[in-house]
Each structure stands twice: as C-alpha cells, then as structure tokens.
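> Take this structure, written in structure tokens, and hold onto it; I'll ask about it next.
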Amino acid sequence: MMGDAMDVSVSSEEPRRKRGFEQRIFVNRSLTLENIKCFGFDMDYTLAVYKSPEYESLGFELLRDRLVSIGYPHEILRYTYDPSFPTRGLVIDTTYGNLLKVDSNGNILVCSHGFYFFQSQDIHKYYPNKFIQRDDTDRFYILNTLFNLSETYVYACLVDFFTRCSRYKTNMFQDVRDAMDYIHNTGTLKERTIKNLEKYVVRDPNLIVLLTRLKQVAKIFLATNSDYKYTEAMMKYLLESGAKPGQKKPWRSFFDLIVVDTRKPLFFAEGTVLRQVDTDTGKLRIGTYTGDLHHGTVYSGGSSDIVSDLLHVKGKDILYVGDHIFGDILKSKKRQGWKTFLVVPELTKELHVWEEKKNLFEEMKCLDLLLAELYKHLDSGSQEHSDITSIQTRMKVLTYRMDMSYGQMGSLLRSGSRQTLFASQLMRYADLYSSSCINLVHYPLNYLFMAPPVLMPHEAMPHSSADFASRELTITNHTVMMN
C-alpha cells in the first residue's frame with residue numbers, strides 16, 4: 001500500500017499535490033510523522049546517493065585490480081562491470097561457488113555458477129531439496145548491501161574464469177572478501193570518490209529543503225560508519241556547494257548530533273567508546289566523552305543508547321533512515337524498537353518494470369485460480385487425476401519472462417509469485433520504505449502513513465469461478481489459453 005493512500009493532514013480547502021510515481025513512500029506498519037521527535041540518518045546510499053552503475057563500476061575495477069596485484073591472472077582484467085547481472089540479497093555458497101537467490105525459508109529460487117544459470121534438475125544435483133540452511137554462516141554468505149553489488153559481480157567473473165581454465169583457486173571467496181576490506185579500509189575507494197564527486201554522487205537540492213523542514217519540528221542526527229574526513233567532504237558537497245546564493249550555511253548546522261565511525265551493527269548493541277572529533281585535524285581527542293551534547297560537535301563511536309541519552313529521546317520517538325537491511329534497519333528495530341525507514345534505490349526500476357509487466361503477474365494469479373477450480377470438487381475418495389502439466393509449464397514461462405524484465409538475476413523482491421529473502425526482511429523490519437529518503441519532502445510533517453490490513457489465508461474469502469469469468473482460461477490440447 002502506498003503511503004499517500006490516506007492523507008488525513010490535508011484539508012479540503014488546500015490544493016492537493018499529486019505525488020509522482022517515484023516520489024511515493026510505502027507502508028508496512030502505520031506511522032504518524034507528527035509523533036516522531038527525532039530523525040536519524042545513515043550517510044552512504046541514504047543521504048549520499050551514489051550514481052549507478054558508475055559507482056559500482058568503480059568498485060568493481062578496484063576489486064579486480066587488487067586481485068591481480070595479489071597474484072590473480074591478468075586475463076581477468078578483460079572483465080568489465082555489467083549492471084544487468086547482480087542484485088542485492090544473493091547468497092554465496094562458498095562450497096560450490098554458486099550464487100543463490102532464496103526466499104525467507106532458504107528455498108532456492110535462482111542458482112548460477114559464474115554466468116551459467118542452472119535448470120531445476122541441475123539445482124537438485126547440488127541441493128537435493130532445493131533448500132539451504134541459511135544459518136550455516138561458515139558456508140553461506142549473504143550479500144545484502146549496495147556495496148556488495150561490485151563484489152557479487154567480481155565473484156561471478158572469477159568463477160566463470162576458473163571454470164573454463166585449468167588453473168583453480170580454492171580460496172576465491174575469502175580473497176574477494178579481503179580485497180573488499182582492503183579498498184574500504186585503506187581508503188582507496190573513498191579517495192577515488194572524493195576526487196570526482198560529480199561523477200559518482202547525486203546532489204539533490206531537495207535534501208537541503210528536507211533537512212531544513214525536519215529541523216523545525218524535530219531533532220536530527222547523522223550516524224555513519226564512515227570516518228570524519230570522508231563524511232565532511234561528502235556533506236559539504238551535498239549541503240554547502242549545492243546551496244542557493246545567500247542561503248549557504250555550515251553542513252554541521254543541519255544536525256543536532258553527528259556520529260562517525262559508528263561500526264554498525266555494533267552501534268545498536270554494546271557500541272564502542274564515545275570520543276570527540278577534532279574537526280580541524282580530523283583526529284580523535286584523548287579520553288571518553290561523558291559531557292552533555294554540544295551542538296556542532298562531532299563524535300566518534302558510541303552507541304544507540306548514548307544517542308538516545310544525548311538527545312533525550314526514546315525508541316519509538318525515533319525514525320531511523322538507512323539503506324542496510326541488516327546493519328541499519330533490522331538491528332535498530334529489534335534491539336532498540338526504533339521506527340524504521342528503508343531506502344531501496346532499486347525500487348525506481350522495480351516500480352517501472354512492475355507497471356509494465358504486471359499483466360504477467362495477473363495471468364499467474366488467474367492460473368492459480370484455475371488450479372483451485374480443477375481440484376475444487378475433489379476429495380480423498382476421488383479417482384480423477386487432473387493434468388496440470390500445461391498450467392505448470394505456463395507458470396514457469398511467465399516467471400522467467402517477469403524475472404528477465406528486471407535483469408539476469410531477476411527482481412530484488414520476487415521470483416514469479418514468490419518473495420525473496422530481501423523482500424521478507426523488508427516487510428518484517430521496515431515500517432516505511434521508498435527509493436529515496438528525500439521523498440519525505442513530498443509529505444506533510446503531520447502525515448499518517450496507514451498500513452494496509454493483512455489477512456491470513458483463512459480470513460481471505462475463497463474466489464469462485466465468477467471472479468475470473470471475465471478472463472476465461474481454458475485448456476485445449478494441454479495448452480493454457482487466455483480468452
């Protein structure tokens with residue numbers, strides 16, 4: 001359900017503004033913005049939105065070149081980033097080198113080895129039940145973040161290369177993980193980003209508008225895993241260099257509290273020592289900070305409990321906005337009870353494809369109804385065997401056509417009529433979600449986001465044949481026809 005389905009804040013005398021297709025916020029649990037006393041923001045991929053696929057291409061090149069520098073064959077330099085292949089939420093099977101797309105229970109929806117996609121019978125050879133134990137973290141690694149997209153593609157390239165040549169690397173997964181840590185920990189990726197911010201970072205003037213409006217009604221804090229030097233460069237670019245003449249003000253003035261080096265998700269548990277940052281040198285001051293909050297001061301480390309204490313707010317007073325389903329949303333919801341807003345940049349494409357291809361999904365729903373009709377009047381004493389082969393085949397064709405509309409790995413959120421692990425986590429832990437946090441600017445700050453009522457299967461009324469009589473389905477010579 002879209003967040004603008006019930007606009008209780010706009011009187012009949014006020015002009016109604018129609019929100020654009022990409023400006024909508026979606027609701028899993030009802031939330032009143034007027035009750036929010038504090039807004040918290042992550043930085044990377046939340047306030048600072050990286051341009052795609054330019055930024056993923058940069059990460060891919062740095063990873064690829066790092067692997068060559070530690071001994072990988074120079075031939076892998078011929079690979080270039082293909083944005084149509086990876087999606088978030090995939091699982092790496094470190095035993096077989098496969099990339100898996102699974103649902104919330106670990107059932108396999110899609111499986112590839114390098115760039116080769118297995119058919120159902122091939123998947124059964126590796127996974128007899130088409131199922132994995134997701135809690136086996138020694139074997140299965142979930143690629144949940146947007147930073148993981150370049151890592152996902154590098155891994156697929158390596159599997160593709162070593163599958164087709166005699167040389168074999170047994171520790172590819174760990175090498176890629178180490179290379180990823182290297183380009184982040186050494187600052188290589190950040191340095192390249194800062195040198196060309198216009199190429200890699202979206203600067204939206206509405207960000208200044210949003211933060212200014214929120215600051216008038218609530219407290220605002222920034223909590224990022226990035227260090228102070230990178231945070232300052234990014235925030236100056238977004239909030240100072242993009243300001244209109246005469247309206248420029250220091251970026252730190254937009255926030256009541258700024259915390260860098262948070263080490264999320266640890267930040268939402270016991271956290272680390274809170275220290276003050278010397279904003280002139282970027283270095284940390286000696287000792288643990290224990291004083292009151294000073295506006296304009298930047299802190300390092302700390303925890304979510306410390307943030308609540310410094311700002312004098314408690315769990316449900318806070319709406320935290322981030323892009324990381326685990327590090328930002330799941331942990332802040334489960335451990336602190338904060339209200340949550342998940343930023344899903346891929347949602348823009350997902351919405352466009354869904355609008356164009358939803359007729360395929362509607363056909364699948366009709367096929368489900370047809371299956372129900374075939375078995376409707378049968379019981380345990382029935383000898384009749386319905387031939388549903390053609391229906392199953394058609395459903396597989398529709399699922400494939402839908403998946404390919406999104407990319408080689410399909411949608412971030414579903415495979416046919418089945419939701420992915422990422423989708424189930426989004427629905428469980430994110431109160432709100434949207435393609436951008438800036439979409440908040442299109443809603444009044446006393447807005448009531450109403451979640452749709454959710455019916456359990458036994459509460460949903462069964463459909464009769466009359467429900468889909470307008471789109472009659474028939475089986476002729478074992479072929480499904482839609483009239």
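The way I read the labels, and the way they are meant: chains A, B, ... in the order of the structure tokens, residue 1 as the first residue of every chain, and ligand 1 as the first ligand shown, with later ones counted on from there.
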Could you pull out all residues of stretch 112-191 of chain A with a DSSP call of helix (DSSP H, G or I) and give them as a tab-separated table (two decimals) with N, CA, C and O atoms, in the first residue's frame?

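Ended up saving to part-v1.tsv:
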```tsv
chain	number	residue	atom	x	y	z
A	120	SER	N	16.20	-26.47	-13.18
A	120	SER	CA	15.72	-27.07	-11.93
A	120	SER	C	16.38	-28.40	-11.64
A	120	SER	O	16.80	-28.67	-10.50
A	121	GLN	N	16.55	-29.26	-12.67
A	121	GLN	CA	17.15	-30.57	-12.45
A	121	GLN	C	18.62	-30.46	-12.05
A	121	GLN	O	19.13	-31.29	-11.29
A	122	ASP	N	19.31	-29.42	-12.55
A	122	ASP	CA	20.72	-29.22	-12.18
A	122	ASP	C	20.83	-28.76	-10.74
A	122	ASP	O	21.76	-29.14	-10.02
A	123	ILE	N	19.89	-27.90	-10.32
A	123	ILE	CA	19.91	-27.42	-8.94
A	123	ILE	C	19.76	-28.59	-7.96
A	123	ILE	O	20.45	-28.65	-6.93
A	124	HIS	N	18.94	-29.56	-8.31
A	124	HIS	CA	18.72	-30.73	-7.44
A	124	HIS	C	20.00	-31.54	-7.23
A	124	HIS	O	20.15	-32.20	-6.20
A	125	LYS	N	20.91	-31.49	-8.19
A	125	LYS	CA	22.18	-32.23	-8.05
A	125	LYS	C	23.02	-31.66	-6.91
A	125	LYS	O	23.69	-32.40	-6.19
A	126	TYR	N	23.00	-30.35	-6.76
A	126	TYR	CA	23.76	-29.70	-5.70
A	126	TYR	C	22.96	-29.60	-4.40
A	126	TYR	O	23.52	-29.71	-3.30
A	148	ASN	N	27.87	-4.41	-1.93
A	148	ASN	CA	28.13	-5.80	-2.33
A	148	ASN	C	27.91	-6.06	-3.81
A	148	ASN	O	28.29	-7.13	-4.30
A	149	LEU	N	27.28	-5.14	-4.54
A	149	LEU	CA	26.98	-5.39	-5.94
A	149	LEU	C	28.25	-5.63	-6.76
A	149	LEU	O	28.32	-6.57	-7.56
A	150	SER	N	29.26	-4.78	-6.56
A	150	SER	CA	30.52	-4.96	-7.29
A	150	SER	C	31.22	-6.23	-6.85
A	150	SER	O	31.81	-6.94	-7.66
A	151	GLU	N	31.13	-6.55	-5.56
A	151	GLU	CA	31.71	-7.77	-5.03
A	151	GLU	C	31.04	-9.01	-5.63
A	151	GLU	O	31.70	-10.00	-5.99
A	152	THR	N	29.72	-8.96	-5.76
A	152	THR	CA	28.97	-10.06	-6.36
A	152	THR	C	29.44	-10.33	-7.78
A	152	THR	O	29.67	-11.48	-8.18
A	153	TYR	N	29.61	-9.26	-8.54
A	153	TYR	CA	30.00	-9.44	-9.94
A	153	TYR	C	31.44	-9.91	-10.08
A	153	TYR	O	31.75	-10.73	-10.95
A	154	VAL	N	32.33	-9.42	-9.23
A	154	VAL	CA	33.72	-9.89	-9.25
A	154	VAL	C	33.76	-11.39	-9.00
A	154	VAL	O	34.46	-12.15	-9.68
A	155	TYR	N	32.99	-11.84	-8.00
A	155	TYR	CA	32.98	-13.26	-7.66
A	155	TYR	C	32.46	-14.10	-8.83
A	155	TYR	O	33.03	-15.15	-9.16
A	156	ALA	N	31.41	-13.64	-9.49
A	156	ALA	CA	30.86	-14.35	-10.64
A	156	ALA	C	31.90	-14.42	-11.77
A	156	ALA	O	32.02	-15.46	-12.44
A	157	CYS	N	32.64	-13.34	-11.98
A	157	CYS	CA	33.69	-13.33	-13.01
A	157	CYS	C	34.78	-14.36	-12.71
A	157	CYS	O	35.24	-15.07	-13.62
A	158	LEU	N	35.19	-14.44	-11.45
A	158	LEU	CA	36.24	-15.39	-11.08
A	158	LEU	C	35.77	-16.83	-11.27
A	158	LEU	O	36.51	-17.68	-11.78
A	159	VAL	N	34.54	-17.12	-10.85
A	159	VAL	CA	34.00	-18.47	-11.04
A	159	VAL	C	33.91	-18.79	-12.52
A	159	VAL	O	34.27	-19.90	-12.96
A	160	ASP	N	33.46	-17.83	-13.31
A	160	ASP	CA	33.37	-18.01	-14.76
A	160	ASP	C	34.76	-18.30	-15.35
A	160	ASP	O	34.92	-19.23	-16.15
A	161	PHE	N	35.76	-17.54	-14.93
A	161	PHE	CA	37.11	-17.70	-15.49
A	161	PHE	C	37.73	-19.04	-15.11
A	161	PHE	O	38.22	-19.77	-15.98
A	162	PHE	N	37.69	-19.38	-13.83
A	162	PHE	CA	38.37	-20.60	-13.38
A	162	PHE	C	37.60	-21.87	-13.72
A	162	PHE	O	38.18	-22.96	-13.71
A	163	THR	N	36.32	-21.74	-14.06
A	163	THR	CA	35.57	-22.90	-14.54
A	163	THR	C	36.03	-23.29	-15.93
A	163	THR	O	35.99	-24.47	-16.31
A	172	MET	N	38.79	-18.40	-3.42
A	172	MET	CA	38.30	-17.21	-4.14
A	172	MET	C	37.41	-16.34	-3.27
A	172	MET	O	37.54	-15.11	-3.28
A	173	PHE	N	36.50	-16.95	-2.56
A	173	PHE	CA	35.56	-16.17	-1.75
A	173	PHE	C	36.29	-15.31	-0.74
A	173	PHE	O	36.03	-14.11	-0.63
A	174	GLN	N	37.22	-15.91	0.00
A	174	GLN	CA	37.94	-15.15	1.02
A	174	GLN	C	38.83	-14.09	0.40
A	174	GLN	O	38.98	-12.99	0.95
A	175	ASP	N	39.41	-14.40	-0.77
A	175	ASP	CA	40.24	-13.41	-1.45
A	175	ASP	C	39.42	-12.18	-1.86
A	175	ASP	O	39.88	-11.04	-1.74
A	176	VAL	N	38.21	-12.42	-2.35
A	176	VAL	CA	37.34	-11.31	-2.74
A	176	VAL	C	36.92	-10.51	-1.51
A	176	VAL	O	36.92	-9.28	-1.52
A	177	ARG	N	36.61	-11.21	-0.42
A	177	ARG	CA	36.23	-10.53	0.83
A	177	ARG	C	37.40	-9.67	1.33
A	177	ARG	O	37.22	-8.53	1.76
A	178	ASP	N	38.60	-10.23	1.29
A	178	ASP	CA	39.79	-9.50	1.75
A	178	ASP	C	40.05	-8.28	0.86
A	178	ASP	O	40.44	-7.21	1.36
A	179	ALA	N	39.85	-8.45	-0.45
A	179	ALA	CA	40.05	-7.33	-1.38
A	179	ALA	C	39.02	-6.23	-1.11
A	179	ALA	O	39.34	-5.03	-1.17
A	180	MET	N	37.80	-6.64	-0.79
A	180	MET	CA	36.75	-5.66	-0.46
A	180	MET	C	37.13	-4.89	0.80
A	180	MET	O	37.01	-3.65	0.84
A	181	ASP	N	37.60	-5.60	1.81
A	181	ASP	CA	38.03	-4.93	3.04
A	181	ASP	C	39.20	-3.99	2.75
A	181	ASP	O	39.29	-2.89	3.33
A	182	TYR	N	40.09	-4.41	1.86
A	182	TYR	CA	41.28	-3.61	1.54
A	182	TYR	C	40.90	-2.26	0.93
A	182	TYR	O	41.40	-1.21	1.36
A	183	ILE	N	40.00	-2.26	-0.08
A	183	ILE	CA	39.68	-0.99	-0.75
A	183	ILE	C	38.88	-0.07	0.16
A	183	ILE	O	38.88	1.15	-0.03
A	184	HIS	N	38.21	-0.64	1.17
A	184	HIS	CA	37.49	0.20	2.13
A	184	HIS	C	38.41	0.68	3.25
A	184	HIS	O	38.43	1.87	3.58
A	185	ASN	N	39.16	-0.24	3.84
A	185	ASN	CA	39.99	0.09	5.00
A	185	ASN	C	41.17	0.99	4.65
A	185	ASN	O	41.60	1.80	5.48
A	188	THR	N	41.00	3.54	-0.39
A	188	THR	CA	41.17	3.63	-1.84
A	188	THR	C	39.89	4.04	-2.54
A	188	THR	O	39.89	4.95	-3.39
A	189	LEU	N	38.78	3.41	-2.19
A	189	LEU	CA	37.50	3.72	-2.81
A	189	LEU	C	37.06	5.14	-2.46
A	189	LEU	O	36.59	5.89	-3.33
A	190	LYS	N	37.24	5.53	-1.22
A	190	LYS	CA	36.82	6.87	-0.80
A	190	LYS	C	37.65	7.96	-1.47
A	190	LYS	O	37.11	9.00	-1.87
A	191	GLU	N	38.94	7.72	-1.61
A	191	GLU	CA	39.80	8.71	-2.26
A	191	GLU	C	39.39	8.96	-3.70
A	191	GLU	O	39.31	10.10	-4.16
```
> Counting only C-alpha atoms, which residue out of A:Gln336, A:Gln247, A:Thr281, A:Thr290 sits closest to A:Ser304?
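The closest residue to A:Ser304 is A:Gln336.
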> Considering only C-alpha atoms, state which residue in the set A:Ile36, A:Ile70, A:Ala48, A:Met402 is at the smallest distance from A:Lys215.
A:Ile36
> Can you tell me which residues surround stretch 81-91 of chain A at a distance of at most 10 Å, considering only C-alpha atoms, apart from same-chain residues fewer than 2 positions away, and format the answer as a PyMOL selection string?
chain A and resi 52-54+56-61+79+93-94+98-103+106+108+110-111+115+132+134+139-154+156-157+325+346+404+406-413+420-423
